[in-house]
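File shown: protein14.csv (CSV, C-alpha atoms).
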chain,number,residue,atom,x,y,z
J,14,MET,CA,-11.0,14.0,-96.0
J,15,PRO,CA,-10.5,10.7,-94.2
J,16,GLU,CA,-7.0,9.2,-94.5
J,17,ARG,CA,-6.8,6.7,-97.3
J,18,ALA,CA,-6.5,3.0,-96.3
J,19,PRO,CA,-2.9,1.8,-96.5
J,20,ALA,CA,-2.1,-0.7,-99.3
J,21,PHE,CA,-0.2,-3.0,-97.0
J,22,VAL,CA,0.5,-3.5,-93.3
J,23,TYR,CA,3.3,-6.0,-92.6
J,24,VAL,CA,4.2,-7.2,-89.1
J,25,ILE,CA,7.2,-9.2,-88.1
J,26,TYR,CA,8.5,-10.2,-84.6
J,27,ILE,CA,12.3,-10.1,-84.3
J,28,ALA,CA,14.2,-11.5,-81.4
J,29,ALA,CA,16.4,-8.4,-80.9
J,30,SER,CA,16.1,-5.1,-79.1
J,31,ALA,CA,14.3,-2.1,-80.7
J,32,GLU,CA,17.6,-0.3,-81.0
J,33,THR,CA,19.1,-3.2,-83.0
J,34,VAL,CA,16.1,-3.4,-85.3
J,35,TRP,CA,16.1,0.4,-85.7
J,36,ASN,CA,19.8,0.3,-86.6
J,37,GLY,CA,18.9,-2.5,-89.1
J,38,LEU,CA,16.6,-0.1,-91.0
J,39,ILE,CA,18.9,3.0,-91.2
J,40,ASP,CA,22.5,1.8,-91.0
J,41,ARG,CA,24.3,1.7,-94.4
J,42,GLU,CA,26.5,-1.3,-93.4
J,43,VAL,CA,23.6,-3.3,-92.0
J,44,THR,CA,21.0,-2.5,-94.7
J,45,LYS,CA,23.4,-3.6,-97.5
J,46,GLU,CA,23.7,-7.0,-95.9
J,47,TYR,CA,20.1,-8.0,-96.3
J,48,TRP,CA,18.3,-5.6,-98.6
J,49,GLY,CA,20.4,-5.7,-101.8
J,50,HIS,CA,20.6,-2.0,-101.3
J,51,HIS,CA,21.9,0.3,-98.7
J,52,ASN,CA,20.0,3.2,-97.2
J,53,ARG,CA,21.8,6.5,-97.2
J,54,SER,CA,20.7,9.6,-95.3
J,55,ASP,CA,21.7,11.7,-92.3
J,56,TRP,CA,18.3,10.8,-90.9
J,57,ARG,CA,17.3,14.3,-89.8
J,58,PRO,CA,13.7,15.4,-90.2
J,59,GLY,CA,13.2,16.8,-93.8
J,60,SER,CA,16.5,15.2,-95.1
J,61,ARG,CA,16.6,13.1,-98.2
J,62,TRP,CA,17.1,9.4,-98.1
J,63,GLU,CA,18.2,7.2,-100.9
J,64,HIS,CA,18.0,3.4,-101.5
J,65,VAL,CA,21.2,2.6,-103.3
J,66,ARG,CA,21.9,-0.6,-105.2
J,67,GLU,CA,24.7,-2.8,-103.8
J,68,ASP,CA,25.8,-4.2,-107.1
J,69,GLY,CA,28.5,-1.6,-107.5
J,70,SER,CA,26.5,0.5,-110.0
J,71,GLY,CA,25.7,3.1,-107.3
J,72,LYS,CA,22.2,3.4,-108.9
J,73,VAL,CA,19.5,4.9,-106.7
J,74,ASP,CA,16.3,2.9,-107.0
J,75,ILE,CA,14.1,4.7,-104.4
J,76,ILE,CA,14.3,8.2,-103.1
J,77,GLY,CA,12.4,10.1,-100.5
J,78,ARG,CA,12.4,12.4,-97.5
J,79,VAL,CA,12.5,11.7,-93.8
J,80,LEU,CA,9.1,13.0,-92.7
J,81,GLU,CA,9.2,11.9,-89.0
J,82,ILE,CA,11.9,10.3,-87.0
J,83,ASP,CA,11.7,9.2,-83.3
J,84,PRO,CA,14.4,6.6,-82.6
J,85,PRO,CA,13.9,3.8,-81.9
J,86,ARG,CA,10.1,3.9,-82.2
J,87,ARG,CA,8.9,5.5,-85.3
J,88,LEU,CA,10.2,6.5,-88.8
J,89,VAL,CA,8.1,7.9,-91.5
J,90,THR,CA,9.5,8.4,-95.0
J,91,SER,CA,8.2,9.3,-98.4
J,92,TRP,CA,9.0,6.7,-101.1
J,93,ALA,CA,9.3,7.2,-104.9
J,94,SER,CA,11.3,6.2,-107.9
J,95,PRO,CA,13.8,8.9,-108.8
J,96,GLU,CA,12.0,9.8,-112.0
J,97,SER,CA,8.7,10.3,-110.1
J,98,GLU,CA,10.1,12.2,-107.2
J,99,HIS,CA,8.2,15.4,-108.1
J,100,ASP,CA,4.9,13.8,-109.1
J,101,PRO,CA,2.7,13.8,-105.9
J,102,GLU,CA,0.5,11.1,-107.4
J,103,LYS,CA,3.5,8.7,-107.5
J,104,VAL,CA,5.0,9.5,-104.1
J,105,SER,CA,4.0,6.9,-101.5
J,106,ARG,CA,4.6,6.8,-97.8
J,107,VAL,CA,6.2,4.2,-95.5
J,108,VAL,CA,5.8,4.1,-91.7
J,109,TYR,CA,8.0,1.9,-89.6
J,110,GLU,CA,6.8,1.4,-86.0
J,111,LEU,CA,8.8,-0.6,-83.5
J,112,GLU,CA,7.1,-1.8,-80.3
J,113,PRO,CA,8.8,-3.9,-77.6
J,114,ALA,CA,7.1,-7.4,-77.3
J,115,GLY,CA,8.7,-9.1,-74.3
J,116,ALA,CA,12.4,-9.7,-75.3
J,117,ASP,CA,11.4,-9.3,-79.0
J,118,THR,CA,10.5,-6.3,-81.1
J,119,LYS,CA,7.4,-6.0,-83.1
J,120,LEU,CA,8.1,-4.2,-86.4
J,121,ILE,CA,5.1,-2.9,-88.3
J,122,VAL,CA,5.7,-1.6,-91.8
J,123,THR,CA,2.7,0.3,-93.3
J,124,HIS,CA,2.9,1.4,-97.0
J,125,SER,CA,0.3,3.8,-98.1
J,126,GLU,CA,-0.6,6.3,-100.8
J,127,LEU,CA,0.6,3.9,-103.5
J,128,GLU,CA,-0.8,4.5,-107.0
J,129,ALA,CA,-3.4,1.8,-107.9
J,130,GLY,CA,-2.2,-0.6,-110.6
J,131,SER,CA,1.4,0.9,-110.6
J,132,ALA,CA,4.5,-1.1,-111.1
J,133,MET,CA,5.6,0.2,-107.7
J,134,LEU,CA,2.6,-1.4,-106.0
J,135,ALA,CA,3.2,-4.7,-107.7
J,136,GLY,CA,6.9,-4.6,-106.8
J,137,ILE,CA,6.6,-3.6,-103.2
J,138,SER,CA,3.8,-6.1,-102.4
J,139,ALA,CA,6.1,-8.9,-103.2
J,140,GLY,CA,9.3,-7.3,-102.0
J,141,TRP,CA,8.5,-6.3,-98.3
J,142,PRO,CA,7.9,-9.8,-96.9
J,143,ALA,CA,11.2,-11.1,-98.3
J,144,VAL,CA,13.1,-8.0,-97.0
J,145,LEU,CA,11.6,-8.3,-93.5
J,146,SER,CA,12.2,-12.0,-93.3
J,147,ASN,CA,15.8,-11.4,-94.4
J,148,LEU,CA,16.2,-8.6,-91.8
J,149,LYS,CA,14.9,-11.0,-89.1
J,150,SER,CA,17.3,-13.8,-90.2
J,151,MET,CA,20.3,-11.4,-90.2
J,152,LEU,CA,19.6,-9.9,-86.8
J,153,GLU,CA,18.8,-13.2,-85.2
J,154,THR,CA,21.3,-15.6,-86.8
J,155,GLY,CA,23.7,-13.3,-88.7
J,156,LYS,CA,22.8,-15.1,-91.9
J,157,VAL,CA,20.8,-14.0,-94.9
J,158,MET,CA,19.3,-16.2,-97.6
J,159,THR,CA,22.0,-16.2,-100.2
J,160,GLY,CA,20.7,-15.8,-103.7
J,161,LEU,CA,17.7,-13.7,-102.8
J,162,TRP,CA,19.1,-10.7,-104.6
J,163,SER,CA,21.0,-12.5,-107.4
J,164,LYS,CA,17.7,-13.1,-109.3
J,165,ALA,CA,17.8,-9.7,-110.8
Q,13,MET,CA,4.8,-21.6,-85.8
Q,14,ASP,CA,2.2,-23.9,-84.1
Q,15,GLU,CA,-0.2,-21.0,-83.9
Q,16,VAL,CA,0.2,-20.4,-87.6
Q,17,PHE,CA,-0.7,-24.0,-88.5
Q,18,ARG,CA,-3.6,-24.1,-86.0
Q,19,ALA,CA,-4.9,-20.9,-87.5
Q,20,LEU,CA,-4.6,-22.2,-91.0
Q,21,ALA,CA,-6.3,-25.5,-90.2
Q,22,ASP,CA,-9.8,-24.0,-90.3
Q,23,PRO,CA,-11.4,-23.6,-93.7
Q,24,ALA,CA,-13.4,-20.5,-92.5
Q,25,ARG,CA,-10.2,-18.8,-91.5
Q,26,ARG,CA,-8.6,-19.7,-94.8
Q,27,ALA,CA,-11.7,-18.1,-96.5
Q,28,LEU,CA,-11.1,-15.0,-94.4
Q,29,LEU,CA,-7.4,-14.8,-95.6
Q,30,ASP,CA,-8.6,-15.3,-99.2
Q,31,ALA,CA,-11.0,-12.3,-98.8
Q,32,LEU,CA,-8.1,-10.2,-97.4
Q,33,PHE,CA,-5.8,-11.3,-100.1
Q,34,ALA,CA,-8.4,-10.2,-102.7
Q,35,ALA,CA,-8.9,-6.8,-101.0
Q,36,GLY,CA,-6.8,-5.6,-98.1
Q,37,GLY,CA,-8.0,-3.0,-95.6
Q,38,GLN,CA,-11.5,-4.4,-94.9
Q,39,THR,CA,-13.4,-3.8,-91.7
Q,40,LEU,CA,-15.1,-6.5,-89.6
Q,41,GLY,CA,-18.5,-5.3,-91.1
Q,42,GLN,CA,-17.3,-5.6,-94.7
Q,43,LEU,CA,-15.9,-9.1,-94.1
Q,44,ALA,CA,-19.1,-10.3,-92.4
Q,45,ALA,CA,-21.2,-8.8,-95.3
Q,46,THR,CA,-19.4,-10.8,-98.0
Q,47,LEU,CA,-18.6,-14.1,-96.3
Q,48,PRO,CA,-21.2,-16.7,-95.3
Q,49,MET,CA,-20.4,-16.2,-91.6
Q,50,THR,CA,-22.0,-14.3,-88.7
Q,51,ARG,CA,-20.3,-11.1,-87.5
Q,52,GLN,CA,-19.5,-12.9,-84.3
Q,53,ALA,CA,-17.8,-15.8,-86.1
Q,54,VAL,CA,-15.7,-13.4,-88.2
Q,55,ALA,CA,-14.7,-11.5,-85.1
Q,56,LYS,CA,-13.6,-14.8,-83.3
Q,57,HIS,CA,-11.6,-16.0,-86.3
Q,58,LEU,CA,-9.9,-12.6,-86.7
Q,59,VAL,CA,-8.7,-12.8,-83.1
Q,60,ILE,CA,-7.1,-16.2,-83.8
Q,61,LEU,CA,-5.6,-15.0,-87.1
Q,62,GLU,CA,-4.2,-11.8,-85.5
Q,63,ALA,CA,-2.7,-13.9,-82.6
Q,64,ALA,CA,-0.9,-16.1,-85.3
Q,65,ASN,CA,0.3,-12.8,-87.0
Q,66,LEU,CA,-1.4,-13.8,-90.2
Q,67,VAL,CA,-3.7,-10.8,-90.0
Q,68,SER,CA,-2.4,-7.3,-89.3
Q,69,SER,CA,-4.5,-4.2,-88.7
Q,70,HIS,CA,-4.5,-0.5,-89.0
Q,71,LYS,CA,-6.7,2.0,-87.0
Q,72,ARG,CA,-8.3,4.7,-89.1
Q,73,GLY,CA,-10.4,6.9,-86.9
Q,74,ARG,CA,-12.9,4.5,-85.2
Q,75,GLU,CA,-12.5,1.9,-87.9
Q,76,LYS,CA,-10.1,-1.1,-87.7
Q,77,LEU,CA,-8.9,-2.2,-91.1
Q,78,HIS,CA,-7.6,-5.7,-91.6
Q,79,TYR,CA,-4.8,-6.9,-93.8
Q,80,LEU,CA,-3.3,-10.3,-94.8
Q,81,ASN,CA,0.2,-10.4,-93.3
Q,82,PRO,CA,2.1,-12.9,-95.4
Q,83,VAL,CA,5.3,-12.7,-93.4
Q,84,PRO,CA,4.8,-15.9,-91.3
Q,85,ILE,CA,3.9,-17.9,-94.4
Q,86,GLY,CA,7.0,-16.5,-96.1
Q,87,GLU,CA,9.0,-17.8,-93.2
Q,88,MET,CA,7.6,-21.3,-93.6
Q,89,VAL,CA,8.3,-21.3,-97.3
Q,90,LYS,CA,11.9,-20.1,-96.5
Q,91,ARG,CA,12.3,-22.9,-93.9
Q,92,TRP,CA,11.4,-25.8,-96.2
Q,93,VAL,CA,11.7,-24.4,-99.8
Q,94,GLY,CA,14.5,-21.9,-99.3
Q,95,LYS,CA,17.4,-24.3,-99.7
Q,96,PHE,CA,16.0,-25.7,-102.9
Q,97,GLU,CA,15.4,-22.2,-104.2
Q,98,ASP,CA,19.0,-21.4,-103.4
Q,99,ALA,CA,20.3,-24.5,-105.2
Q,100,ARG,CA,18.3,-23.6,-108.3
Q,101,ILE,CA,19.6,-20.0,-108.2
Q,102,GLU,CA,23.1,-21.2,-107.7
Q,103,ALA,CA,22.8,-23.6,-110.6
Q,104,LEU,CA,21.6,-20.7,-112.8
Q,105,THR,CA,24.4,-18.5,-111.7
Q,106,GLY,CA,26.8,-21.3,-112.4
Q,107,LEU,CA,25.4,-21.8,-115.9
Q,108,LYS,CA,25.7,-18.0,-116.5
Q,109,ASP,CA,29.4,-18.0,-115.4
Q,110,HIS,CA,30.1,-21.1,-117.5
Q,111,ALA,CA,28.5,-19.6,-120.6
Q,112,GLU,CA,30.2,-16.3,-120.2
Q,113,ALA,CA,33.6,-17.9,-119.6
Q,114,LYS,CA,33.1,-20.0,-122.8
Q,115,GLU,CA,32.1,-16.9,-124.8
Q,116,LYS,CA,35.2,-15.1,-123.6
Q,117,LYS,CA,37.4,-18.0,-124.7
Q,118,SER,CA,35.9,-18.2,-128.2
Q,119,ALA,CA,36.0,-14.4,-128.7

Any chance you could give the structure as structure tokens?
Amino acid sequence: MPERAPAFVYVIYIAASAETVWNGLIDREVTKEYWGHHNRSDWRPGSRWEHVREDGSGKVDIIGRVLEIDPPRRLVTSWASPESEHDPEKVSRVVYELEPAGADTKLIVTHSELEAGSAMLAGISAGWPAVLSNLKSMLETGKVMTGLWSKA
Amino acid sequence: MDEVFRALADPARRALLDALFAAGGQTLGQLAATLPMTRQAVAKHLVILEAANLVSSHKRGREKLHYLNPVPIGEMVKRWVGKFEDARIEALTGLKDHAEAKEKKSA
């Protein structure tokens, strides 16, 4: 069976090294600064990862497994809401690829195997560009857009 | 950012972005079949859109699937609209704090 087409392929160029961008995806202290959540895992192949709210509630909004990890080039994770974790139909897949582009890093985020018409599909299609743009701002200037996460 | 504006200046390229917004993951052949453009014209416009990072792609076997990449447009919005958005959100947060403080007082 041919691989299904991804739902989204997002590309952003960040004026930082691949190591810095990589750290920006997995480090608890860095992710909490721009994502409204922090990412928690030991980042070993097969380990769990959790996307934990930064509002003090400790609520886990996204859960998955580390499917592939090759620092600082490629990270593949599964992605699901905690209540759908065991329903294969509702588990999607996110691939992060980092490529050097001169002094910058090209970050490609590919989200695939999303359930058609799902709330997850609607949420992530709007969410990723803001997250990536905020990551870029933070790594390049140390600033994030205040208020981005206070809408909720 | 100059490249983004140059890429967006052409109505044919905006039509291509509309087509990819409606359905991501299309091949060159699929785009050429539905748009009033030759395959060569679509190919040429896709090169310009990819260089401006407005179109991203994914290789699936021998096929190249094209996607709208909204990230550079989001950065433009953030540059000129961001601070007004911030002010609006802060105003709402201020209103919420004020309303909650008032309720506390009267309780």

Based on only C-alpha atoms, which of the residues in chain Q come within 7 Å of chain J? I want them as a PDB file with C-alpha atoms, keeping the file's coordinate frame.
ATOM      1  CA  GLY Q  36      -6.800  -5.600 -98.100  1.00  0.00           C
ATOM      2  CA  GLY Q  37      -8.000  -3.000 -95.600  1.00  0.00           C
ATOM      3  CA  SER Q  68      -2.400  -7.300 -89.300  1.00  0.00           C
ATOM      4  CA  SER Q  69      -4.500  -4.200 -88.700  1.00  0.00           C
ATOM      5  CA  TYR Q  79      -4.800  -6.900 -93.800  1.00  0.00           C
ATOM      6  CA  ASN Q  81       0.200 -10.400 -93.300  1.00  0.00           C
ATOM      7  CA  PRO Q  82       2.100 -12.900 -95.400  1.00  0.00           C
ATOM      8  CA  VAL Q  83       5.300 -12.700 -93.400  1.00  0.00           C
ATOM      9  CA  GLY Q  86       7.000 -16.500 -96.100  1.00  0.00           C
ATOM     10  CA  GLU Q  87       9.000 -17.800 -93.200  1.00  0.00           C
ATOM     11  CA  ASP Q  98      19.000 -21.400-103.400  1.00  0.00           C
ATOM     12  CA  ILE Q 101      19.600 -20.000-108.200  1.00  0.00           C
TER      13      ILE Q 101
END

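When all atoms listed in the file are used to compute distances to J:Ser54, the closest of the residues J:Arg66, J:Ile76, J:Pro101, J:Thr33 turns out to be J:Ile76.
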
- Could you check how far atom CA of Q:Phe33 sits from atom CA of Q:Leu80, in Å to one decimal?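 These two atoms are separated by 5.9 Å.
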
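For the pair atom CA of Q:Ala63 and atom CA of Q:Lys90, the interatomic distance is 21.1 Å.
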
*Considering all atoms listed in the file, return as a PyMOL selection string whatever protein or nucleic-acid residues lie within 9 Å of J:Pro95, sequence-local ones (same chain, fewer than 4 positions apart) excluded.*
chain J and resi 73-77+99

Expressed in Å, the length from atom CA of J:Arg53 to atom CA of J:Lys103 is 21.1 Å

If we count only C-alpha atoms and set the cut-off at 12 Å, which residues sit around Q:Ala55, ignoring sequence neighbours fewer than 2 positions away in its own chain? Please answer as JSON, numbers by chain. {"Q": [24, 25, 28, 39, 40, 41, 42, 43, 44, 49, 50, 51, 52, 53, 57, 58, 59, 60, 61, 62, 76, 78]}

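Proximity ranking of Q:His70, Q:Val89, Q:Asp14, Q:Val54 relative to J:His124 places Q:His70 first, based on only C-alpha atoms.
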
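Considering all atoms listed in the file, the residue among J:Ser60, J:Ser30, J:Trp48, J:Gly115 positioned nearest to J:Val157 is J:Trp48.
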
Item to check | J:Asn36 surroundings by only C-alpha atoms, 12 Å radius, close-in-sequence under 5 positions cut, as an MDAnalysis selection string | outcome: chainID J and resid 29:31 41:44 52 56 84:86 88 111 148 152

For J:Gly69, the closest of J:His51, J:Ser97, J:Glu32, J:Glu81 counting only C-alpha atoms is J:His51
